[in-house]
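Engineer: Contents of my_file.txt (compact mmCIF, C-alpha atoms):
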```txt
# COMPACT_ATOMS: atom_id res chain seq x y z
CA MET A 3 12.02 65.21 24.49
CA ARG A 4 8.78 65.11 22.52
CA LYS A 5 8.79 63.19 19.25
CA SER A 6 8.19 65.09 16.05
CA PRO A 7 5.23 63.98 13.85
CA ARG A 8 7.76 62.38 11.46
CA GLN A 9 9.28 60.34 14.31
CA LYS A 10 5.84 59.21 15.44
CA CYS A 11 5.00 58.00 11.95
CA ASN A 12 8.17 55.89 11.88
CA THR A 13 7.23 53.99 15.05
CA TYR A 14 6.65 50.39 13.99
CA MET A 15 4.38 48.04 15.89
CA LYS A 16 5.07 44.34 15.48
CA THR A 17 2.25 42.13 14.31
CA GLU A 18 1.16 39.25 16.53
CA LYS A 19 2.69 36.87 13.99
CA GLU A 20 6.05 38.66 14.18
CA LYS A 21 5.91 38.57 17.98
CA MET A 22 5.15 34.85 17.93
CA ILE A 23 8.04 33.98 15.61
CA ALA A 24 10.40 36.18 17.65
CA GLY A 25 9.53 34.31 20.85
CA GLU A 26 7.68 37.23 22.46
CA TYR A 27 4.29 37.17 24.14
CA TYR A 28 1.53 37.24 21.54
CA LEU A 29 -2.25 36.88 21.22
CA PRO A 30 -3.02 33.41 19.78
CA GLY A 31 -6.53 34.51 18.81
CA ASP A 32 -5.16 37.06 16.34
CA PRO A 33 -7.16 36.80 13.07
CA VAL A 34 -4.06 36.30 10.90
CA LEU A 35 -2.74 33.47 13.10
CA THR A 36 -6.19 31.91 13.30
CA LYS A 37 -6.40 31.94 9.50
CA ASP A 38 -2.91 30.42 9.19
CA ARG A 39 -3.78 27.59 11.59
CA ARG A 40 -7.01 26.92 9.74
CA LYS A 41 -5.13 26.64 6.45
CA ALA A 42 -2.68 24.18 8.00
CA LYS A 43 -5.54 22.08 9.40
CA ILE A 44 -7.23 21.89 6.00
CA LEU A 45 -4.00 20.69 4.39
CA LEU A 46 -3.38 18.22 7.20
CA HIS A 47 -6.89 16.82 6.92
CA THR A 48 -6.32 16.14 3.23
CA LEU A 49 -2.92 14.56 3.94
CA ASN A 50 -3.98 12.50 6.96
CA VAL A 51 -7.46 11.41 5.89
CA LYS A 52 -7.99 11.67 2.15
CA GLU A 53 -4.52 10.75 0.90
CA TYR A 54 -2.75 8.87 3.70
CA ARG A 55 -0.11 7.66 1.24
CA LEU A 56 2.73 9.71 -0.18
CA THR A 57 1.13 10.16 -3.58
CA LYS A 58 1.86 12.97 -6.01
CA LYS A 59 -1.03 14.90 -4.45
CA ALA A 60 0.35 14.31 -0.96
CA ARG A 61 3.75 15.65 -2.01
CA GLU A 62 2.08 18.79 -3.34
CA ILE A 63 0.29 19.21 -0.01
CA LEU A 64 3.56 18.78 1.92
CA LYS A 65 5.28 21.38 -0.24
CA GLU A 66 2.49 23.86 0.47
CA LEU A 67 2.34 22.99 4.17
CA ILE A 68 6.12 22.93 4.77
CA PRO A 69 7.62 25.03 1.96
CA ASN A 70 11.07 25.22 3.59
CA SER A 71 11.97 21.55 3.15
CA GLY A 72 14.80 19.97 1.20
CA SER A 73 14.82 17.01 -1.17
CA ASN A 74 13.57 13.54 -0.15
CA PHE A 75 11.36 14.96 2.60
CA TYR A 76 9.05 12.13 3.71
CA ILE A 77 6.21 11.97 6.20
CA GLU A 78 4.21 8.90 7.18
CA PRO A 79 0.69 10.16 7.98
CA PRO A 80 -0.84 11.04 10.30
CA PHE A 81 1.23 14.14 11.02
CA HIS A 82 0.30 17.28 12.96
CA CYS A 83 1.67 20.82 13.14
CA ASP A 84 0.35 24.31 13.93
CA TYR A 85 1.55 26.34 10.96
CA GLY A 86 4.10 24.43 8.86
CA TYR A 87 5.89 27.50 7.54
CA ASN A 88 8.04 27.72 10.69
CA ILE A 89 9.54 24.27 10.03
CA THR A 90 12.78 24.23 8.03
CA CYS A 91 14.27 20.88 6.96
CA GLY A 92 17.42 19.87 5.12
CA ASP A 93 17.61 16.91 2.74
CA ASN A 94 16.56 13.34 3.60
CA VAL A 95 14.33 14.10 6.59
CA TYR A 96 11.91 11.35 7.60
CA PHE A 97 8.97 11.53 10.02
CA ASN A 98 7.34 8.24 11.01
CA VAL A 99 3.67 8.03 12.04
CA ASN A 100 1.96 10.26 14.63
CA CYS A 101 4.64 12.92 14.91
CA VAL A 102 3.64 16.36 16.25
CA VAL A 103 5.47 19.65 15.66
CA LEU A 104 4.08 22.70 17.47
CA ASP A 105 5.87 25.29 15.36
CA SER A 106 4.88 28.65 16.82
CA CYS A 107 8.61 29.48 16.74
CA PRO A 108 11.12 28.30 14.13
CA VAL A 109 12.03 24.60 14.11
CA GLN A 110 15.35 24.07 12.32
CA ILE A 111 16.05 20.48 11.25
CA GLY A 112 19.26 19.50 9.47
CA SER A 113 19.81 16.85 6.80
CA ASN A 114 19.61 13.08 7.28
CA VAL A 115 17.41 13.31 10.36
CA PHE A 116 15.04 10.46 11.26
CA PHE A 117 12.07 10.76 13.61
CA ALA A 118 10.57 7.54 14.99
CA PRO A 119 6.81 7.26 15.70
CA ASN A 120 5.11 9.62 18.15
CA VAL A 121 7.96 12.13 18.42
CA GLN A 122 6.68 15.43 19.78
CA ILE A 123 8.46 18.75 19.16
CA TYR A 124 7.13 21.66 21.22
CA THR A 125 8.25 25.23 20.63
CA ALA A 126 4.99 26.41 22.20
CA THR A 127 4.92 27.25 25.88
CA HIS A 128 2.87 29.44 28.25
CA PRO A 129 3.59 32.14 30.86
CA LEU A 130 4.04 30.84 34.40
CA ASP A 131 1.90 33.71 35.67
CA ALA A 132 -1.73 32.54 35.74
CA GLU A 133 -3.20 35.91 34.72
CA LEU A 134 -0.91 36.28 31.70
CA ARG A 135 -1.64 32.70 30.74
CA LYS A 136 -5.34 33.50 30.27
CA SER A 137 -4.65 35.61 27.17
CA LEU A 138 -1.02 35.35 26.06
CA GLU A 139 1.27 32.63 24.76
CA ASN A 140 4.92 32.49 23.78
CA ALA A 141 7.32 30.04 22.20
CA GLU A 142 11.03 29.23 21.99
CA PRO A 143 12.88 27.95 18.89
CA ILE A 144 14.19 24.41 18.52
CA SER A 145 17.19 23.27 16.47
CA ILE A 146 18.19 19.72 15.50
CA GLY A 147 21.50 19.19 13.71
CA ASP A 148 22.43 16.94 10.78
CA ASP A 149 22.53 13.15 11.05
CA CYS A 150 20.31 12.75 14.12
CA TRP A 151 17.97 9.93 15.07
CA ILE A 152 15.15 10.80 17.47
CA GLY A 153 13.67 7.70 19.15
CA GLY A 154 9.96 6.91 19.44
CA ASN A 155 7.79 8.78 21.95
CA SER A 156 10.51 11.35 22.60
CA VAL A 157 9.54 14.88 23.58
CA ILE A 158 11.72 17.85 22.61
CA CYS A 159 10.90 20.84 24.79
CA PRO A 160 10.91 24.58 23.93
CA GLY A 161 14.27 26.26 23.38
CA VAL A 162 16.31 23.06 23.01
CA THR A 163 19.24 22.63 20.60
CA ILE A 164 20.30 19.10 19.67
CA GLY A 165 23.72 18.96 18.04
CA LYS A 166 24.68 17.02 14.92
CA GLY A 167 25.14 13.25 14.98
CA CYS A 168 23.00 12.70 18.08
CA VAL A 169 20.76 9.79 19.04
CA ILE A 170 17.90 10.42 21.46
CA GLY A 171 16.66 7.22 23.11
CA ALA A 172 13.01 6.20 22.93
CA GLY A 173 10.77 7.85 25.50
CA SER A 174 13.26 10.59 26.35
CA VAL A 175 12.19 14.10 27.39
CA VAL A 176 14.79 16.57 26.16
CA THR A 177 14.72 19.67 28.36
CA LYS A 178 18.28 20.94 27.83
CA ASP A 179 20.73 21.28 24.93
CA ILE A 180 22.49 18.10 23.76
CA PRO A 181 26.06 18.50 22.38
CA ASP A 182 27.21 17.03 19.06
CA ASN A 183 27.63 13.26 18.70
CA SER A 184 25.88 12.32 21.92
CA LEU A 185 23.63 9.47 22.98
CA ALA A 186 21.03 10.91 25.36
CA VAL A 187 18.28 9.00 27.16
CA GLY A 188 15.85 9.40 30.02
CA ASN A 189 13.48 11.91 31.61
CA PRO A 190 15.00 14.42 31.69
CA ALA A 191 17.35 13.27 28.92
CA LYS A 192 20.99 13.00 29.92
CA VAL A 193 24.06 12.25 27.83
CA ILE A 194 25.28 8.75 28.64
CA ARG A 195 28.12 8.59 26.13
CA LYS A 196 29.70 10.19 23.09
CA LEU A 197 29.30 8.67 19.64
CA ASN A 198 31.63 8.30 16.64
CA GLN A 199 34.83 8.66 18.65
CA GLU A 200 38.00 6.71 18.09
CA PRO A 201 38.53 4.14 20.87
CA GLU A 202 41.34 4.88 23.27
CA GLN A 203 44.60 3.05 22.57
CA LYS A 204 45.49 0.42 25.18
CA LYS A 205 48.75 1.15 26.91
```
Show me this structure written as C-alpha cells.
Structural biologist:
Amino acid sequence: MRKSPRQKCNTYMKTEKEKMIAGEYYLPGDPVLTKDRRKAKILLHTLNVKEYRLTKKAREILKELIPNSGSNFYIEPPFHCDYGYNITCGDNVYFNVNCVVLDSCPVQIGSNVFFAPNVQIYTATHPLDAELRKSLENAEPISIGDDCWIGGNSVICPGVTIGKGCVIGAGSVVTKDIPDNSLAVGNPAKVIRKLNQEPEQKK
C-alpha cells in the first residue's frame, strides 16, 4: 500500500545524536556531535589545566559539563569524558585522578559511589565488521548502583550493569554484569564472594 502525502510527512528520521544515545549505529563525524565534543573539551581543558583544584569556578564548569549530577559531586582533575551530558550521578559521587568516561551512551551512577584513580568507563564500542567500522560507531549503556567502590585501573566495558553495594578490585576488567553486594576481581572480573551477608550460624 502506498503512503499518502500526510503519512510521508509524519515519517521521522532520528538524528545521529539520538541514534548514538539509543545504542544504534551512528556517524561520529556528525556536525552536532562534533560540536558537542568540542564544547566538552573546552570545559575539560579549563578544569584540568587552568583550575586543577575544585574551586568555585571548577564547580561551575562541572555543573555545565555534567548537569545531571547530585549533591557533593567531586572530581580530582585531570578527568576526561566525551560529552558529559550522558553521565547521570546520584549524591556523594567521587572520581579520583585520571578517570575516563566515554559517554556516547548513558552512564548511570548511583549515590555514594567512589572511583579510584585511572578507572575507565567505556560505553563506546565499534562494529566487528571492518567495512562498517570505517564509518560507523555504536555504544552500549553502563549502570553502576548505589554504594559501590571501583578500584584503581579498573575497566568497565560497554553494556555492563554493576549492582548496588559492589566492590570491584583494582585492575579488574568488567565484561559482564555483577550482581548486588559482590566483590569482583580479575580479568575478566569474576565474583569471588558476596558482601554484607550475615555469617552462617555454627551448628
Engineer: Hey, what's within 7 Å of A:Gly167 if we count all atoms listed in the file and toss same-chain stuff fewer than 3 positions away? As JSON, numbers by chain, please?
Structural biologist: {"A": [148, 149, 150, 182, 183]}
Engineer: Keeping C-alpha atoms, export the residues of the selection given above as a PDB file, keeping the file's coordinate frame.
Structural biologist:
```pdb
ATOM      1  CA  ASP A 148      22.430  16.940  10.780  1.00  0.00           C
ATOM      2  CA  ASP A 149      22.530  13.150  11.050  1.00  0.00           C
ATOM      3  CA  CYS A 150      20.310  12.750  14.120  1.00  0.00           C
ATOM      4  CA  ASP A 182      27.210  17.030  19.060  1.00  0.00           C
ATOM      5  CA  ASN A 183      27.630  13.260  18.700  1.00  0.00           C
TER       6      ASN A 183
END
```
Engineer: Determine the nearest neighbour of A:Asp179 from the options A:Ser137, A:Pro143, A:Gly92, A:Leu104, counting all atoms listed in the file.
Structural biologist: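 Closest residue, counting all atoms listed in the file: A:Pro143.
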Engineer: If you measure from atom CA of A:Gly153 to atom CA of A:Lys65, what distance in Å do you get, rounded to one decimal?
Structural biologist: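 So the answer is 25.2 Å.
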Engineer: Applying 9 Å and all atoms listed in the file, which residues near A:Gly72 remain after dropping the ones on its own chain fewer than 5 positions away? List them as a ChimeraX atom specification.
Structural biologist: /A:90-95,113
Engineer: What does the distance from atom CA of A:Ala60 to atom CA of A:Asp105 come to in Å, to one decimal?
Structural biologist: 20.4 Å
Engineer: Some atoms are absent from stretch 92-104 of chain A, so rebuild N, CA, C and O atoms and return them as an mmCIF file, in the coordinates of the input.
Structural biologist:
```
data_model
loop_
_atom_site.group_PDB
_atom_site.id
_atom_site.type_symbol
_atom_site.label_atom_id
_atom_site.label_comp_id
_atom_site.auth_asym_id
_atom_site.auth_seq_id
_atom_site.Cartn_x
_atom_site.Cartn_y
_atom_site.Cartn_z
ATOM 1 N N GLY A 92 16.418 20.136 6.150
ATOM 2 C CA GLY A 92 17.420 19.870 5.120
ATOM 3 C C GLY A 92 16.959 18.714 4.245
ATOM 4 O O GLY A 92 15.770 18.415 4.147
ATOM 5 N N ASP A 93 17.913 18.043 3.602
ATOM 6 C CA ASP A 93 17.610 16.910 2.740
ATOM 7 C C ASP A 93 17.472 15.622 3.557
ATOM 8 O O ASP A 93 18.065 15.480 4.634
ATOM 9 N N ASN A 94 16.680 14.686 3.024
ATOM 10 C CA ASN A 94 16.560 13.340 3.600
ATOM 11 C C ASN A 94 16.063 13.364 5.050
ATOM 12 O O ASN A 94 16.669 12.776 5.947
ATOM 13 N N VAL A 95 14.959 14.058 5.262
ATOM 14 C CA VAL A 95 14.330 14.100 6.590
ATOM 15 C C VAL A 95 13.099 13.198 6.562
ATOM 16 O O VAL A 95 12.275 13.276 5.648
ATOM 17 N N TYR A 96 12.982 12.344 7.566
ATOM 18 C CA TYR A 96 11.910 11.350 7.600
ATOM 19 C C TYR A 96 11.157 11.419 8.929
ATOM 20 O O TYR A 96 11.758 11.345 10.007
ATOM 21 N N PHE A 97 9.841 11.591 8.856
ATOM 22 C CA PHE A 97 8.970 11.530 10.020
ATOM 23 C C PHE A 97 8.125 10.252 9.931
ATOM 24 O O PHE A 97 7.385 10.062 8.975
ATOM 25 N N ASN A 98 8.212 9.403 10.949
ATOM 26 C CA ASN A 98 7.340 8.240 11.010
ATOM 27 C C ASN A 98 5.967 8.664 11.541
ATOM 28 O O ASN A 98 5.727 9.841 11.786
ATOM 29 N N VAL A 99 5.067 7.708 11.744
ATOM 30 C CA VAL A 99 3.670 8.030 12.040
ATOM 31 C C VAL A 99 3.483 8.766 13.369
ATOM 32 O O VAL A 99 4.269 8.605 14.302
ATOM 33 N N ASN A 100 2.428 9.594 13.398
ATOM 34 C CA ASN A 100 1.960 10.260 14.630
ATOM 35 C C ASN A 100 2.939 11.263 15.217
ATOM 36 O O ASN A 100 2.930 11.483 16.433
ATOM 37 N N CYS A 101 3.750 11.883 14.402
ATOM 38 C CA CYS A 101 4.640 12.920 14.910
ATOM 39 C C CYS A 101 3.890 14.256 15.013
ATOM 40 O O CYS A 101 2.990 14.546 14.214
ATOM 41 N N VAL A 102 4.275 15.069 16.000
ATOM 42 C CA VAL A 102 3.640 16.360 16.250
ATOM 43 C C VAL A 102 4.732 17.433 16.337
ATOM 44 O O VAL A 102 5.717 17.265 17.060
ATOM 45 N N VAL A 103 4.543 18.519 15.591
ATOM 46 C CA VAL A 103 5.470 19.650 15.660
ATOM 47 C C VAL A 103 4.647 20.916 15.930
ATOM 48 O O VAL A 103 3.908 21.379 15.058
ATOM 49 N N LEU A 104 4.746 21.442 17.137
ATOM 50 C CA LEU A 104 4.080 22.700 17.470
ATOM 51 C C LEU A 104 5.046 23.831 17.130
ATOM 52 O O LEU A 104 5.930 24.171 17.915
#
```
